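Read through the structure below, which is laid out as structure tokens, and then see the notes.
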Amino acid sequence: MTSRLVVLAGPTAVGKGTVAARVREAHPDVWISVSATTRAPRPGEVDGVHYHFVSDAEFDAMVEGDELLEWAVVHRAARYGTPRGPVEAVLAQGRPAMLEIDLQGARQVRSTMPGALFVFLKPPSWEELVRRLVGRGTETEEERERRLATARTELAAEAEFDVTIVNHEVPAAAEELVALMTVPASAH
Ligand SMILES: Nc1ncnc2c1ncn2[C@@H]1O[C@H](COP(=O)(O)OP(=O)(O)OP(=O)(O)O)[C@@H](O)[C@H]1O
Ligand SMILES: Nc1nc2c(ncn2[C@@H]2O[C@H](COP(=O)(O)O)[C@@H](O)[C@H]2O)c(=O)[nH]1
């Protein structure tokens, strides 16, 4: 068996971060990239753990230094990007690795890392997605509307992905994801 890079995307509040946290807890062998972002931390978010929280100038320097594997402006609100060095180092070790990024970033990685597996995390329904976003309580009404507008575009892009997982229950979705990370050597 060998490991591969899995790219997890899906609409806002579908549960990408929650499923990734479950994978981190239940499968410490799986490496999950920590993105850089210019957005402000939410209560409880820790720099270097949930994100590398950086200034606009710091993000500019990362872009100019070609330090990001991909990056995008997400929800017309902030910039997010995947630091390239750690991903390359982990893949060189043959360790299972995961990126949790938006659709624009997934499209960039699709063109630069064709061996990666692209997984779309889908909500059980639109109503449940809205319930999860409202229930999280981390955005203003205006931000929620912006995120839901992006979500409609992202849901329409499901066919671009290799696999869809419906996030009914977090532990089951996390196990489905981890099962995709190792492949028989003959599949390469
Ligand atoms: N399977 C699930 N059933 C019920 N609630 C869930 C489930 N998965 C996640 N949630 C809840 O939905 C909310 C959104 O989850 P989370 O923040 O992980 O989403 P996300 O996809 O990472 O969102 P974003 O793209 O906006 O960062 C959280 O309050 C989380 O606890
Ligand atoms: N293109 C990238 N998108 C990323 C990255 N890290 C996170 N994200 C996506 O941003 C949105 C919003 O996240 P939030 O934490 O503000 O709710 C979500 O879709 C993430 O998947 C990244 O490095 N590149």
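Residue numbers start at 1 in each chain; chains themselves are named A, B, ... in the order of the structure tokens; ligands are numbered from 1 in the order shown.
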Long-range neighbours of range 25-36 of chain A as a list in words, 6 Å cut-off, only C-alpha atoms, 2 positions minimum in chain: Arg22, Val23, Tyr51, His52, Phe53, Tyr80, Gly81, Thr82, Pro96, Ala97, Met98 and Leu99 of chain A
Wanna dump the chain A-ligand 2 contacts at 6 Å for me, each residue with its shortest atom pair and the distance in Å to one decimal, counting only C-alpha atoms and all ligand atoms, ordered by chain and number, as CSV?
residue,atom,partner,partner_atom_place_in_ligand_line,distance
A:Ala9,CA,ligand 2,21 (O),6.0
A:Thr12,CA,ligand 2,19 (O),5.4
A:Ser35,CA,ligand 2,23 (O),4.2
A:Trp71,CA,ligand 2,1 (N),4.8
A:Ala72,CA,ligand 2,1 (N),4.7
A:Val74,CA,ligand 2,10 (O),5.7
A:Tyr80,CA,ligand 2,22 (C),4.4
A:Gly81,CA,ligand 2,23 (O),3.4
A:Thr82,CA,ligand 2,23 (O),4.0
A:Glu100,CA,ligand 2,21 (O),5.0
A:Ile101,CA,ligand 2,21 (O),3.6
A:Asp102,CA,ligand 2,3 (N),4.0
A:Gln104,CA,ligand 2,1 (N),5.7
A:Gly105,CA,ligand 2,1 (N),3.6
Based on the selection just made, write C-alpha atoms of those residues as a compact mmCIF listing (two decimals), in the first residue's frame.
# COMPACT_ATOMS: atom_id res chain seq x y z
CA ALA A 9 -13.33 20.65 -0.61
CA THR A 12 -19.09 26.50 3.62
CA SER A 35 -3.11 27.00 5.66
CA TRP A 71 -3.96 30.33 -2.99
CA ALA A 72 -7.28 32.11 -3.49
CA VAL A 74 -12.37 33.05 -0.67
CA TYR A 80 -6.07 31.62 1.99
CA GLY A 81 -3.14 29.52 0.77
CA THR A 82 -1.34 26.21 1.25
CA GLU A 100 -8.76 21.22 3.22
CA ILE A 101 -9.24 24.04 0.72
CA ASP A 102 -11.84 25.81 -1.41
CA GLN A 104 -10.58 27.56 -6.61
CA GLY A 105 -7.60 26.09 -4.73
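Of the residues under consideration (A:Ala13, A:Ser111, A:Arg136, A:Ala78), A:Arg136 shows the shortest atom-to-atom contact distance to Pro43 in chain A when counting only C-alpha atoms.
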Which residues of chain A sit at most 9 Å from ligand 1, using only C-alpha atoms and all ligand atoms? Give each one's shortest atom pair and distance in Å (one decimal place), in chain and ascending residue order, as CSV.
residue,atom,partner,partner_atom_place_in_ligand_line,distance
A:Ala9,CA,ligand 1,21 (O),8.0
A:Gly10,CA,ligand 1,21 (O),6.6
A:Pro11,CA,ligand 1,25 (O),5.9
A:Thr12,CA,ligand 1,25 (O),3.5
A:Ala13,CA,ligand 1,19 (O),3.4
A:Val14,CA,ligand 1,21 (O),4.1
A:Gly15,CA,ligand 1,18 (O),3.4
A:Lys16,CA,ligand 1,21 (O),3.7
A:Gly17,CA,ligand 1,22 (O),3.6
A:Thr18,CA,ligand 1,18 (O),3.7
A:Val19,CA,ligand 1,18 (O),6.5
A:Ala20,CA,ligand 1,18 (O),7.8
A:Ala21,CA,ligand 1,18 (O),8.2
A:Glu100,CA,ligand 1,22 (O),8.2
A:Ile101,CA,ligand 1,25 (O),8.1
A:Asp102,CA,ligand 1,25 (O),7.5
A:Leu121,CA,ligand 1,21 (O),8.1
A:Pro123,CA,ligand 1,1 (N),8.1
A:Pro124,CA,ligand 1,1 (N),8.7
A:Glu128,CA,ligand 1,4 (C),8.1
A:Leu129,CA,ligand 1,12 (O),7.7
A:Arg131,CA,ligand 1,12 (O),7.9
A:Arg132,CA,ligand 1,12 (O),4.2
A:Leu133,CA,ligand 1,14 (C),5.7
A:Val134,CA,ligand 1,13 (C),8.1
A:Gly135,CA,ligand 1,29 (O),5.7
A:Arg136,CA,ligand 1,29 (O),3.9
A:Gly137,CA,ligand 1,29 (O),7.7
A:Thr138,CA,ligand 1,29 (O),8.9
A:Arg147,CA,ligand 1,26 (O),7.4
A:Ala151,CA,ligand 1,25 (O),9.0
A:Val166,CA,ligand 1,1 (N),8.6
A:Asn167,CA,ligand 1,1 (N),4.9
A:His168,CA,ligand 1,1 (N),4.6
A:Glu169,CA,ligand 1,1 (N),3.9
A:Val170,CA,ligand 1,1 (N),4.4
A:Pro171,CA,ligand 1,1 (N),8.0
A:Ala172,CA,ligand 1,1 (N),8.7
A:Ala173,CA,ligand 1,1 (N),7.7
All strand (DSSP E or B) positions in range 3-175 of chain A, as a PyMOL selection string: chain A and resi 3+5-9+31-32+36-37+47+51-53+68-74+78-83+97-100+117-122+163-166
Residues within 8 Å of Val163 in chain A, only C-alpha atoms, excluding chain neighbours under 3 positions, as a list in words: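 Everything that qualifies: Phe118, Val119 and Phe120 of chain A.
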Two-atom distance - CA of Glu142 in chain A, CA of Arg76 in chain A (Å): 11.9 Å
Picked from range 3-188 of chain A by DSSP as alpha helix (DSSP H), as a ChimeraX atom specification: /A:16-26,56-64,84-92,103-112,126-136,141-155,170-179
